[in-house]
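Have a look at the structure below, then the notes.
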Amino acid sequence: MTQRFLSIILLGLFMLSCSPPPSHHVVLLHVEDDPTITFRIWFQVGSQCDPAGKEGLASLTAAMIAEGATETRAYEDILTELYPLASSYGASVDKEMTVLSGRVHQDNLDMFYNLFLDAILHPAFSEEDFVRIRTEMLNRLEKSLRYANDEELGKAVFSHFVYEGTQYAHIAEGTISSLENITVEDVRRFYRAWYTRNNVVIGLGGGYNAALLRRLEEDLALLPESRPTQPEAPEPAAFNGLHFRIVEKDCNATAISFGYPIDVLRGDDDFWALAVFNSWFGEHRNSSSHLYQVIRETRGMNYGDYSYIEHFANGGSRQMPAPHYGRRQQLFEVWLRPVQHVHRHFALRAAIRELQSVVENGMTQAQFDLTQRFLTTYALHYATSTSSRLGYAIDSRFYGIDQDYVDLFRRKIDALTLEDVNDAIRRHIQFHDLKIAVVTSGAEQFVEELVADQPSPVEYDTPKPQEVLDEDLQIMVYPLNVQRANISVISVDQVFE
Amino acid sequence: MRILLHVILLMGLAGGIVAAETGGDGVFPYVSRTETLANGLTVIMIPMSGSGLMSYYSIVRTGARDEYEAGKTGFAHFFEHMMFRGTKNYPAAKYDRMVTEMGANANAYTTDDYTAYHLSFAAEKLETVVRLESDRFQFLEYEVAAFQTEAGAVYGEYRKNRSNPWQVLFEVLLRNAFTRHTYGHTTIGFEEDIKAMPKLYDYSREFFSRYYRPDNVVLLLVGDFEPETAMKFIRKYYSDWQAGYQPPAIPVEAEQTGERTAQVSYEGKTLPLLMVSYKAPAFDVSDARMVAGSMLGELLFGETSAIYRKLVLKEQTVQFISAEFGFNRDPRLWSIYAMVKDETDITAVRAEIDRTIDQFSRKTVDEAELRNLKKRLRYSFLMNLDSPDAVAANLARLIAITGGMDVIDNLYTAYDRVTPKNIRDAVRQYLTPERRTIVTLTGRE
């Protein structure tokens with residue numbers, strides 16, 4: 001109680017002396033005829049800042065701001081006030097970014113603004129909210145993610161496998177034991193340390209006016225003064241060969257993700273060339289993806305097969321990449337949607353073999369031309385609303401890009417040559433050293449099949465053209481050269497422990 | 001709210017086209033224009049200038065509801081996949097290549113009541129899109145082998161969904177709630193029917209011939225385009241498409257006269273799930289009681305409801321409680337669902353749902369509370385119209401159910417007219433024990 005009283009006095013002192021954050025801490029996207037206003041308030045903090053043993057703290061803190069009481073309003077009263085506005089605010093937390101965002105119709109601006117800013121500036125962090133939100137997070141890990149969505153489970157295991165030993169390893173929600181280890185006092189401390197006026201970037205979009213921006217700047221200047229130190233970028237350990245993390249789970253299909261860390265980020269010279277390669281090889285949820293053509297379209301083995309050069313969150317439900325997953329370290333990742341267990345070995349071989357083929361042969365002129373044409377227009381769909389465009393603009397600030405990302409992307413793609421793309425493939429894409437996460441039933445049997453490099457013939461329920469059957473003969477014996485020592489099998493009950 | 005102020009009917013345009021324009025005077029803020037070709041194809045156009053993008057929806061008013069023949073569950077969805085398998089003029093590879101070259105975002109989805117094929121693309125490509133879409137809707141052609149391969153992909157989709165316990169629960173709910181009507185199966189269909197799909201090539205041609213007809217399709221165009229130009233292309237490419245829709249013989253579900261229950265044991269681990277579903281009326285915007293009924297989910301079980309405060313925020317016995325009171329062509333279900341933290345609390349949560357309904361059947365809802373709900377519905381609708389694609393996506397269901405655009409403003413006008421008495425009457429009529437099916441799902445320890 002005394003401590004809280006002290007902090008209120010200190011806050012009062014800051015209120016007397018503060019001035020708005022500097023203008024480089026503002027990202028604006030004014031759209032004159034937009035009847036709504038979008039707020040995206042970016043705090044430069046993420047799950048990489050979670051203290052050891054308290055993984056999940058960044059997420060829990062943000063959730064308590066977005067879904068909890070303030071010092072003067074009970075959460076249920078906040079919900080009641082937001083209800084007729086059809087507005088809400090929420091938090092997005094990834095490794096490096098936390099964004100509190102909300103959108104409101106101009107008619108309801110004042111009412112929404114007061115609630116949103118109250119949540120950011122004066123969260124109550126009550127015990128009742130803490131218990132509710134932490135329990136929800138625990139249940140999501142223990143029950144939903146672990147047992148009810150094998151695709152997301154496979155991706156989470158893959159990310160952890162690649163980043164083991166770094167601050168990127170855990171998913172933003174943390175682990176079961178670390179969440180149980182967090183106290184409400186930890187949340188308060190984390191908030192005080194990271195939600196400061198020097199650590200915030202204001203994103204404002206839509207039909208706002210200058211007065212609103214001024215008001216927002218002045219209000220956020222009420223946050224504490226301190227300047228937190230950002231952690232170093234992660235350095236995932238180097239590895240050779242194919243490494244497997246296989247999760248034994250009672251399930252009816254096998255989920256597979258594989259890849260490795262890459263040093264290319266949005267805005268880097270090779271990023272644009274890799275974007276063309278990636279779009280051709282595995283454009284997300286698009287039948288133009290080469291992997292999709294090989295595994296799904298020709299062989300009907302699953303629902304889709306894609307690749308990525310940046311983290312793509314919620315791939316099962318999203319068509320276009322969501323904003324606020326800016327990272328200083330990215331992955332090249334291949335995602336095979338669930339295949340029948342009997343096809344797992346074959347599908348994995350087929351995907352790695354295709355990767356080898358493009359690494360060794362590069363893309364053809366015709367493939368390049370088509371993909372270049374596709375991407376220069378397809379990029380228009382990344383951000384079609386004011387809200388999503390503002391999100392992308394904030395991410396551009398993260399990557400040090402000082403112009404409209406979609407425009408820049410289109411121009412950069414348009415200026416590329418086939419040689420640029422194939423050079424970038426040679427520099428960054430390889431198939432020898434991969435981390436492979438698998439969620440399956442009968443893991444031990446799969447281990448034996450992998451170690452023995454056992455042929456994996458497939459039988460189709462339906463007739464296939466002779467050229468497909470001929471190619472299958474090559475795929476089914478494609479050597480993976482897996483060492484037993486490079487395979488670890490864990491039970492699903494151990495994931496997120 | 002005002003009813004549409006001006007509706008202009010222009011009769012006797014080329015080929016017996018009927019056109020109507022609505023002026024954005026109701027809740028919907030954009031001007032829309034509707035034309036109907038002589039073959040029955042309805043075209044709804046909503047210009048939204050500025051973005052350079054447009055969205056093109058082909059809404060087929062056929063979905064899982066139309067699967068009335070034995071062994072054919074899931075067929076509307078499967079057929080949606082086949083629509084990407086090409087024609088003589090544009091074989092699949094050529095179609096894919098053209099869509100890729102345009103940089104279009106193209107996809108499709110199937111629901112209980114309709115199937116939607118949608119492309120979002122740079123507006124200058126409109127004629128190419130009209131040509132491609134009209135071609136596959138008239139001249140779809142695919143080999144038996146391609147048909148059979150696609151069945152494998154659909155089975156893959158089923159497997160992908162199967163790890164979700166809600167999917168399992170939903171399948172059991174529908175089986176129990178409906179004894180005759182086709183709403184008794186999920187959109188993806190029964191596993192045994194999906195497995196048998198490769199054998200149904202001939203039926204797939206029959207399906208196309210029955211349902212993919214202009215008199216069963218609505219085109220919805222939203223974005224940066226001129227309606228006159230769009231209609232010129234549409235007349236050119238769609239006018240020869242022959243009418244001939246054959247309505248499905250969907251059995252009528254008998255009135256439910258007693259509560260039904262089912263318990264599901266889920267092979268995985270999950271928190272217990274509870275779903276309480278009531279037989280809902282078919283969508284009819286002129287029926288004040290139906291409109292009031294559709295508001296009950298938010299009013300009784302939304303985030304500001306007493307039960308939400310009690311179970312989610314205070315006692316914290318449920319991870320969440322929510323309700324889905326949607327719109328359908330035929331009488332379907334309005335559902336309340338909850339994820340319960342402890343199996344021993346399921347009975348208490350059920351009792352709380354009953355208590356909530358009982359209270360609303362006896363009391364008159366507060367005027368201010370109802371006003372807030374109406375305001376919420378209106379702003380929720382308006383806030384979701386933030387891009388051409390979002391507009392099209394948000395309108396698609398109501399257009400599919402009714403076949404036209406008038407319903408949008410009419411629905412919001414109807415919401416405004418709902419009185420506290422309508423609400424109480426709707427609770428008494430629809431949320432009664434004999435109309436409900438209750439399903440609980442528990443996982444393994």
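So you can find residues: chains in the structure tokens are A, B, ... in the order shown, residues in each start at 1, and ligands are numbered from 1 in order.
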
At most 7 Å is the cut-off: for each residue in chain B with any atom that close to an atom of chain A, write down the nearest atom pair and the distance in Å rounded to one decimal, counting only C-alpha atoms, chain first then increasing number, as a tab-separated table.
```
residue	atom	partner	partner_atom	distance
B:Asp96	CA	A:Ser288	CA	6.9
B:Thr100	CA	A:Phe374	CA	5.2
B:Glu101	CA	A:Phe374	CA	4.8
B:Met102	CA	A:Phe374	CA	6.0
B:Gly103	CA	A:Phe374	CA	4.1
B:Ala104	CA	A:Tyr378	CA	5.9
B:Asn105	CA	A:Tyr378	CA	6.7
B:Ala145	CA	A:Pro463	CA	6.1
B:Gln148	CA	A:Thr462	CA	5.8
B:Thr149	CA	A:Gly300	CA	5.1
B:Glu150	CA	A:Gly300	CA	5.9
B:Gly152	CA	A:Gly300	CA	4.7
B:Ala153	CA	A:Gly300	CA	4.7
B:Gly156	CA	A:Asn302	CA	4.5
B:Glu157	CA	A:Tyr303	CA	5.3
B:Arg159	CA	A:Ala253	CA	6.5
B:Lys160	CA	A:Pro338	CA	6.0
B:Ser163	CA	A:Ala148	CA	5.1
B:Asn164	CA	A:Ala148	CA	4.7
B:Pro165	CA	A:Ala148	CA	6.5
B:Gly268	CA	A:Tyr147	CA	6.2
B:Lys269	CA	A:Tyr147	CA	5.8
B:Thr270	CA	A:Lys143	CA	5.0
B:Leu271	CA	A:Lys143	CA	6.6
B:Glu303	CA	A:Leu79	CA	6.7
B:Thr304	CA	A:Thr80	CA	5.5
B:Arg309	CA	A:Glu76	CA	6.8
B:Gln316	CA	A:Arg132	CA	6.5
B:Gln319	CA	A:Glu136	CA	6.2
B:Asn372	CA	A:Pro84	CA	4.7
B:Leu373	CA	A:Pro84	CA	6.1
B:Lys375	CA	A:Pro84	CA	5.3
B:Arg376	CA	A:Pro84	CA	4.2
B:Tyr379	CA	A:Ala86	CA	5.7
B:Ser380	CA	A:Ala86	CA	5.0
B:Met383	CA	A:His105	CA	6.8
B:Asp386	CA	A:Ser385	CA	5.6
B:Ser387	CA	A:Ser385	CA	5.5
```

Now that the selection is made, can you save its residues with N, CA and C atoms as a compact mmCIF listing (two decimals), in the first residue's frame?
```txt
# COMPACT_ATOMS: atom_id res chain seq x y z
N ASP B 96 -5.17 -20.94 -63.19
CA ASP B 96 -4.28 -20.59 -62.07
C ASP B 96 -3.25 -19.56 -62.53
N THR B 100 -2.79 -15.89 -61.11
CA THR B 100 -1.49 -15.55 -60.54
C THR B 100 -0.93 -14.29 -61.21
N GLU B 101 -1.01 -14.24 -62.52
CA GLU B 101 -0.49 -13.08 -63.24
C GLU B 101 -1.18 -11.79 -62.82
N MET B 102 -2.47 -11.91 -62.52
CA MET B 102 -3.22 -10.72 -62.09
C MET B 102 -2.87 -10.31 -60.67
N GLY B 103 -2.20 -11.21 -59.93
CA GLY B 103 -1.93 -10.92 -58.53
C GLY B 103 -3.20 -10.89 -57.71
N ALA B 104 -4.20 -11.63 -58.17
CA ALA B 104 -5.48 -11.63 -57.46
C ALA B 104 -5.40 -12.50 -56.21
N ASN B 105 -6.19 -12.13 -55.23
CA ASN B 105 -6.35 -12.96 -54.06
C ASN B 105 -7.66 -13.72 -54.26
N ALA B 145 -9.72 -38.37 -63.04
CA ALA B 145 -8.54 -38.47 -62.17
C ALA B 145 -8.40 -37.22 -61.32
N GLN B 148 -10.89 -37.27 -58.55
CA GLN B 148 -10.56 -38.20 -57.47
C GLN B 148 -9.42 -37.67 -56.60
N THR B 149 -8.46 -37.01 -57.24
CA THR B 149 -7.35 -36.44 -56.47
C THR B 149 -7.86 -35.36 -55.51
N GLU B 150 -8.79 -34.56 -55.99
CA GLU B 150 -9.31 -33.49 -55.15
C GLU B 150 -10.03 -34.05 -53.93
N GLY B 152 -9.06 -36.42 -52.21
CA GLY B 152 -8.00 -36.64 -51.21
C GLY B 152 -7.71 -35.36 -50.44
N ALA B 153 -7.69 -34.23 -51.14
CA ALA B 153 -7.42 -32.95 -50.47
C ALA B 153 -8.55 -32.61 -49.50
N GLY B 156 -8.11 -34.47 -46.46
CA GLY B 156 -7.05 -33.80 -45.69
C GLY B 156 -7.62 -32.64 -44.88
N GLU B 157 -8.54 -31.92 -45.47
CA GLU B 157 -9.17 -30.79 -44.77
C GLU B 157 -9.97 -31.31 -43.58
N ARG B 159 -9.39 -34.03 -41.88
CA ARG B 159 -8.42 -34.47 -40.85
C ARG B 159 -7.86 -33.27 -40.09
N LYS B 160 -7.56 -32.21 -40.84
CA LYS B 160 -7.03 -30.99 -40.21
C LYS B 160 -8.00 -30.46 -39.15
N SER B 163 -8.92 -32.39 -35.15
CA SER B 163 -8.29 -32.27 -33.83
C SER B 163 -8.98 -31.19 -32.99
N ASN B 164 -9.96 -30.53 -33.55
CA ASN B 164 -10.68 -29.50 -32.80
C ASN B 164 -11.94 -30.10 -32.16
N PRO B 165 -12.01 -30.10 -30.82
CA PRO B 165 -13.16 -30.75 -30.17
C PRO B 165 -14.49 -30.09 -30.50
N GLY B 268 -9.21 -36.77 -27.19
CA GLY B 268 -8.10 -35.94 -26.71
C GLY B 268 -8.41 -35.31 -25.38
N LYS B 269 -7.53 -34.39 -24.98
CA LYS B 269 -7.79 -33.67 -23.75
C LYS B 269 -8.39 -32.32 -24.10
N THR B 270 -9.33 -31.91 -23.32
CA THR B 270 -9.93 -30.59 -23.51
C THR B 270 -10.67 -30.21 -22.24
N LEU B 271 -10.88 -28.92 -22.05
CA LEU B 271 -11.81 -28.53 -21.01
C LEU B 271 -13.20 -28.96 -21.48
N GLU B 303 -21.13 -9.92 -23.51
CA GLU B 303 -20.11 -9.56 -22.52
C GLU B 303 -20.61 -8.66 -21.40
N THR B 304 -21.79 -8.05 -21.61
CA THR B 304 -22.29 -7.20 -20.53
C THR B 304 -23.45 -7.87 -19.79
N ARG B 309 -20.91 -11.80 -16.41
CA ARG B 309 -20.24 -11.24 -15.23
C ARG B 309 -20.06 -12.30 -14.15
N GLN B 316 -15.66 -17.24 -12.18
CA GLN B 316 -14.62 -17.76 -13.09
C GLN B 316 -14.71 -19.28 -13.26
N GLN B 319 -14.31 -20.73 -18.96
CA GLN B 319 -13.27 -20.01 -19.70
C GLN B 319 -13.94 -18.93 -20.55
N ASN B 372 -28.85 0.33 -26.20
CA ASN B 372 -27.42 0.09 -26.32
C ASN B 372 -27.11 -1.05 -27.29
N LEU B 373 -27.94 -2.07 -27.23
CA LEU B 373 -27.73 -3.20 -28.15
C LEU B 373 -27.94 -2.76 -29.60
N LYS B 375 -27.60 0.18 -30.82
CA LYS B 375 -26.47 1.04 -31.19
C LYS B 375 -25.25 0.17 -31.50
N ARG B 376 -25.05 -0.83 -30.70
CA ARG B 376 -23.91 -1.72 -30.91
C ARG B 376 -24.01 -2.44 -32.27
N TYR B 379 -23.20 0.14 -35.08
CA TYR B 379 -21.79 0.52 -35.20
C TYR B 379 -20.92 -0.67 -35.57
N SER B 380 -21.29 -1.82 -35.09
CA SER B 380 -20.53 -3.01 -35.44
C SER B 380 -20.57 -3.23 -36.95
N MET B 383 -18.51 -0.35 -38.74
CA MET B 383 -17.05 -0.43 -38.54
C MET B 383 -16.44 -1.55 -39.37
N ASP B 386 -14.69 -1.56 -43.93
CA ASP B 386 -13.50 -0.72 -44.12
C ASP B 386 -12.66 -1.05 -45.34
N SER B 387 -13.11 -1.94 -46.21
CA SER B 387 -12.42 -2.17 -47.49
C SER B 387 -13.43 -2.85 -48.41
```

Assign secondary structure with DSSP using the backbone only, and return the residues of region 175-242 of chain B in helix (DSSP H, G or I) as a VMD selection string. chain B and resid 175 to 177 182 to 184 191 to 199 201 to 211 214 to 216 227 to 238

Go through region 175-211 of chain B and flag each residue having an atom no more than 8 Å from region 247-257 of chain B; for those, report the closest pair of atoms plus their distance in Å to one decimal, using only C-alpha atoms, ordered by chain and rising number, as CSV.
```
residue,atom,partner,partner_atom,distance
B:Phe178,CA,B:Glu253,CA,6.8
B:Thr179,CA,B:Glu253,CA,6.9
B:Arg180,CA,B:Glu253,CA,5.3
B:His181,CA,B:Glu253,CA,5.1
B:Thr182,CA,B:Ile250,CA,6.8
B:Arg210,CA,B:Pro247,CA,7.7
B:Tyr211,CA,B:Pro247,CA,7.7
```

Expected file contents, prior selection, N, CA and C atoms, as a JSON list (two decimals), in the first residue's frame:
```
[["chain", "number", "residue", "atom", "x", "y", "z"],
["B", 178, "PHE", "N", -31.54, -32.48, -35.61],
["B", 178, "PHE", "CA", -32.36, -32.63, -36.82],
["B", 178, "PHE", "C", -32.53, -34.10, -37.17],
["B", 179, "THR", "N", -33.75, -34.50, -37.38],
["B", 179, "THR", "CA", -34.00, -35.89, -37.75],
["B", 179, "THR", "C", -34.26, -36.03, -39.24],
["B", 180, "ARG", "N", -34.69, -34.96, -39.90],
["B", 180, "ARG", "CA", -35.01, -35.04, -41.32],
["B", 180, "ARG", "C", -34.26, -33.99, -42.15],
["B", 181, "HIS", "N", -34.25, -32.78, -41.68],
["B", 181, "HIS", "CA", -33.68, -31.69, -42.48],
["B", 181, "HIS", "C", -32.17, -31.87, -42.67],
["B", 182, "THR", "N", -31.69, -31.33, -43.79],
["B", 182, "THR", "CA", -30.26, -31.46, -44.13],
["B", 182, "THR", "C", -29.34, -30.66, -43.21],
["B", 210, "ARG", "N", -27.65, -28.90, -61.89],
["B", 210, "ARG", "CA", -28.83, -28.50, -61.11],
["B", 210, "ARG", "C", -28.69, -27.11, -60.48],
["B", 211, "TYR", "N", -27.50, -26.87, -59.89],
["B", 211, "TYR", "CA", -27.39, -25.72, -58.98],
["B", 211, "TYR", "C", -26.58, -24.55, -59.53]]
```

Among B:Lys314, B:Lys94, B:Arg436, B:Lys341, Phe130 (chain A) is approached most closely, using only C-alpha atoms, by B:Lys314

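Residues lying within 7 Å of Ser58 (chain B), counting only C-alpha atoms and ignoring same-chain neighbours fewer than 5 positions away, are Ala116, Tyr117, His118, Val217, Val218, Leu219 and Leu220 of chain B.
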
Name the residues in contact with region 86-93 of chain B at a cut-off of 7 Å, using only C-alpha atoms, excluding same-chain residues fewer than 3 positions from it; report them as a VMD selection string. chain B and resid 83 96 to 97 136 139 to 142

Neighbours of Phe277 (chain A) within 8 Å (only C-alpha atoms; same-chain residues fewer than 2 positions away dropped), as a list of chain:residue names?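 My list of contacting residues is A:Ala273, A:Leu274, A:Ala275, A:Ser279, A:Trp280, A:Phe281, A:Met363, A:Val421, A:Ile425.
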
So which bits of region 83-232 of chain B end up strand (DSSP E) when you DSSP the backbone, as a VMD selection string? chain B and resid 105 to 110 115 to 122 217 to 223

Produce a file of the selected residues containing N, CA and C atoms, as a PDB file, in the first residue's frame.
```
ATOM      1  N   ASN B 105      -6.191 -12.127 -55.234  1.00  0.00           N
ATOM      2  CA  ASN B 105      -6.355 -12.960 -54.055  1.00  0.00           C
ATOM      3  C   ASN B 105      -7.659 -13.718 -54.260  1.00  0.00           C
ATOM      4  N   ALA B 106      -7.550 -14.976 -54.636  1.00  0.00           N
ATOM      5  CA  ALA B 106      -8.739 -15.726 -55.045  1.00  0.00           C
ATOM      6  C   ALA B 106      -8.971 -16.895 -54.103  1.00  0.00           C
ATOM      7  N   ASN B 107     -10.209 -17.070 -53.690  1.00  0.00           N
ATOM      8  CA  ASN B 107     -10.514 -18.206 -52.827  1.00  0.00           C
ATOM      9  C   ASN B 107     -12.014 -18.476 -52.846  1.00  0.00           C
ATOM     10  N   ALA B 108     -12.443 -19.407 -52.039  1.00  0.00           N
ATOM     11  CA  ALA B 108     -13.864 -19.755 -51.988  1.00  0.00           C
ATOM     12  C   ALA B 108     -14.163 -20.366 -50.632  1.00  0.00           C
ATOM     13  N   TYR B 109     -15.421 -20.350 -50.256  1.00  0.00           N
ATOM     14  CA  TYR B 109     -15.827 -21.053 -49.035  1.00  0.00           C
ATOM     15  C   TYR B 109     -17.260 -21.538 -49.171  1.00  0.00           C
ATOM     16  N   THR B 110     -17.565 -22.549 -48.387  1.00  0.00           N
ATOM     17  CA  THR B 110     -18.910 -23.125 -48.418  1.00  0.00           C
ATOM     18  C   THR B 110     -19.510 -23.043 -47.030  1.00  0.00           C
ATOM     19  N   THR B 115     -22.515 -20.973 -51.170  1.00  0.00           N
ATOM     20  CA  THR B 115     -21.106 -21.137 -51.499  1.00  0.00           C
ATOM     21  C   THR B 115     -20.652 -19.849 -52.176  1.00  0.00           C
ATOM     22  N   ALA B 116     -19.518 -19.322 -51.748  1.00  0.00           N
ATOM     23  CA  ALA B 116     -19.050 -18.047 -52.302  1.00  0.00           C
ATOM     24  C   ALA B 116     -17.669 -18.223 -52.916  1.00  0.00           C
ATOM     25  N   TYR B 117     -17.522 -17.709 -54.133  1.00  0.00           N
ATOM     26  CA  TYR B 117     -16.238 -17.691 -54.836  1.00  0.00           C
ATOM     27  C   TYR B 117     -15.827 -16.232 -54.911  1.00  0.00           C
ATOM     28  N   HIS B 118     -14.663 -15.908 -54.405  1.00  0.00           N
ATOM     29  CA  HIS B 118     -14.332 -14.486 -54.341  1.00  0.00           C
ATOM     30  C   HIS B 118     -12.923 -14.200 -54.796  1.00  0.00           C
ATOM     31  N   LEU B 119     -12.807 -13.092 -55.504  1.00  0.00           N
ATOM     32  CA  LEU B 119     -11.497 -12.603 -55.939  1.00  0.00           C
ATOM     33  C   LEU B 119     -11.392 -11.140 -55.549  1.00  0.00           C
ATOM     34  N   SER B 120     -10.205 -10.781 -55.107  1.00  0.00           N
ATOM     35  CA  SER B 120      -9.897  -9.382 -54.872  1.00  0.00           C
ATOM     36  C   SER B 120      -8.740  -9.053 -55.808  1.00  0.00           C
ATOM     37  N   PHE B 121      -8.832  -7.942 -56.530  1.00  0.00           N
ATOM     38  CA  PHE B 121      -7.853  -7.715 -57.606  1.00  0.00           C
ATOM     39  C   PHE B 121      -7.799  -6.239 -57.969  1.00  0.00           C
ATOM     40  N   ALA B 122      -6.779  -5.869 -58.741  1.00  0.00           N
ATOM     41  CA  ALA B 122      -6.659  -4.494 -59.217  1.00  0.00           C
ATOM     42  C   ALA B 122      -7.796  -4.240 -60.207  1.00  0.00           C
ATOM     43  N   VAL B 217     -27.679 -17.725 -58.734  1.00  0.00           N
ATOM     44  CA  VAL B 217     -26.394 -17.079 -58.446  1.00  0.00           C
ATOM     45  C   VAL B 217     -26.588 -15.564 -58.347  1.00  0.00           C
ATOM     46  N   VAL B 218     -25.864 -14.964 -57.412  1.00  0.00           N
ATOM     47  CA  VAL B 218     -25.819 -13.503 -57.307  1.00  0.00           C
ATOM     48  C   VAL B 218     -24.362 -13.072 -57.445  1.00  0.00           C
ATOM     49  N   LEU B 219     -24.107 -12.128 -58.343  1.00  0.00           N
ATOM     50  CA  LEU B 219     -22.771 -11.532 -58.414  1.00  0.00           C
ATOM     51  C   LEU B 219     -22.776 -10.285 -57.543  1.00  0.00           C
ATOM     52  N   LEU B 220     -21.736 -10.145 -56.741  1.00  0.00           N
ATOM     53  CA  LEU B 220     -21.612  -8.972 -55.875  1.00  0.00           C
ATOM     54  C   LEU B 220     -20.266  -8.314 -56.183  1.00  0.00           C
ATOM     55  N   LEU B 221     -20.325  -7.098 -56.700  1.00  0.00           N
ATOM     56  CA  LEU B 221     -19.105  -6.367 -57.069  1.00  0.00           C
ATOM     57  C   LEU B 221     -18.975  -5.158 -56.153  1.00  0.00           C
ATOM     58  N   VAL B 222     -17.841  -5.034 -55.492  1.00  0.00           N
ATOM     59  CA  VAL B 222     -17.619  -3.904 -54.597  1.00  0.00           C
ATOM     60  C   VAL B 222     -16.242  -3.320 -54.884  1.00  0.00           C
ATOM     61  N   GLY B 223     -16.144  -1.988 -54.965  1.00  0.00           N
ATOM     62  CA  GLY B 223     -14.823  -1.383 -55.113  1.00  0.00           C
ATOM     63  C   GLY B 223     -14.760  -0.300 -56.159  1.00  0.00           C
TER      64      GLY B 223
END
```

Take CA of Ile171 (chain A) and CA of Gln330 (chain A) and report the distance between them in Å, one decimal.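 These two atoms are separated by 14.5 Å.
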
Could you check how far CA of Ser441 (chain A) sits from CA of Glu267 (chain B), in Å to one decimal?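 CA of Glu267 (chain B) lies at a distance of 13.4 Å from CA of Ser441 (chain A).
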
Residues within 10 Å of Thr432 (chain B), only C-alpha atoms, excluding chain neighbours under 2 positions, as a PDB file with C-alpha atoms, in the first residue's frame:
```pdb
ATOM      1  CA  THR B 257     -41.577 -31.398 -29.048  1.00  0.00           C
ATOM      2  CA  GLY B 258     -39.098 -32.468 -26.417  1.00  0.00           C
ATOM      3  CA  GLU B 259     -35.654 -31.737 -25.107  1.00  0.00           C
ATOM      4  CA  TYR B 278     -32.690 -23.945 -29.559  1.00  0.00           C
ATOM      5  CA  LYS B 279     -34.616 -24.405 -32.769  1.00  0.00           C
ATOM      6  CA  ASP B 354     -31.846 -21.720 -17.662  1.00  0.00           C
ATOM      7  CA  ILE B 357     -33.733 -17.421 -19.896  1.00  0.00           C
ATOM      8  CA  ASP B 358     -36.379 -17.750 -17.214  1.00  0.00           C
ATOM      9  CA  SER B 361     -39.186 -14.608 -20.096  1.00  0.00           C
ATOM     10  CA  VAL B 427     -37.771 -15.515 -25.354  1.00  0.00           C
ATOM     11  CA  ARG B 428     -41.118 -17.151 -24.571  1.00  0.00           C
ATOM     12  CA  GLN B 429     -41.589 -18.463 -28.060  1.00  0.00           C
ATOM     13  CA  TYR B 430     -38.112 -19.652 -28.999  1.00  0.00           C
ATOM     14  CA  GLU B 434     -38.934 -28.612 -25.789  1.00  0.00           C
ATOM     15  CA  ARG B 435     -37.121 -26.771 -28.602  1.00  0.00           C
ATOM     16  CA  ARG B 436     -33.617 -27.418 -27.328  1.00  0.00           C
TER      17      ARG B 436
END
```

Separation of CA of Asp305 (chain A) from CA of Tyr158 (chain B) in Å: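 Between CA of Tyr158 (chain B) and CA of Asp305 (chain A) the gap works out to 15.8 Å.
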
In terms of the shortest atom-to-atom distance over only C-alpha atoms, which of A:Leu121, A:Met111, A:Ala169, A:Leu213 is closest to Arg197 (chain A)? A:Leu121

List as a PyMOL selection string the protein and nucleic acid residues near Ala238 (chain A), meaning an atom at most 12 Å away when only C-alpha atoms are counted, but skip any in the same chain fewer than 5 places from it. chain A and resi 162-165+243+260-262+433-435

Counting only C-alpha atoms, which of A:Gly400, A:Gly206, A:Gly241, A:Pro457 gets nearest to Asn486 (chain A)? A:Gly241

Between B:Leu313, B:Leu382, B:Leu431, B:Ala292, which has the minimum distance to Arg355 (chain B) (counting only C-alpha atoms)?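 Among the listed residues, B:Leu431 lies closest to Arg355 (chain B).
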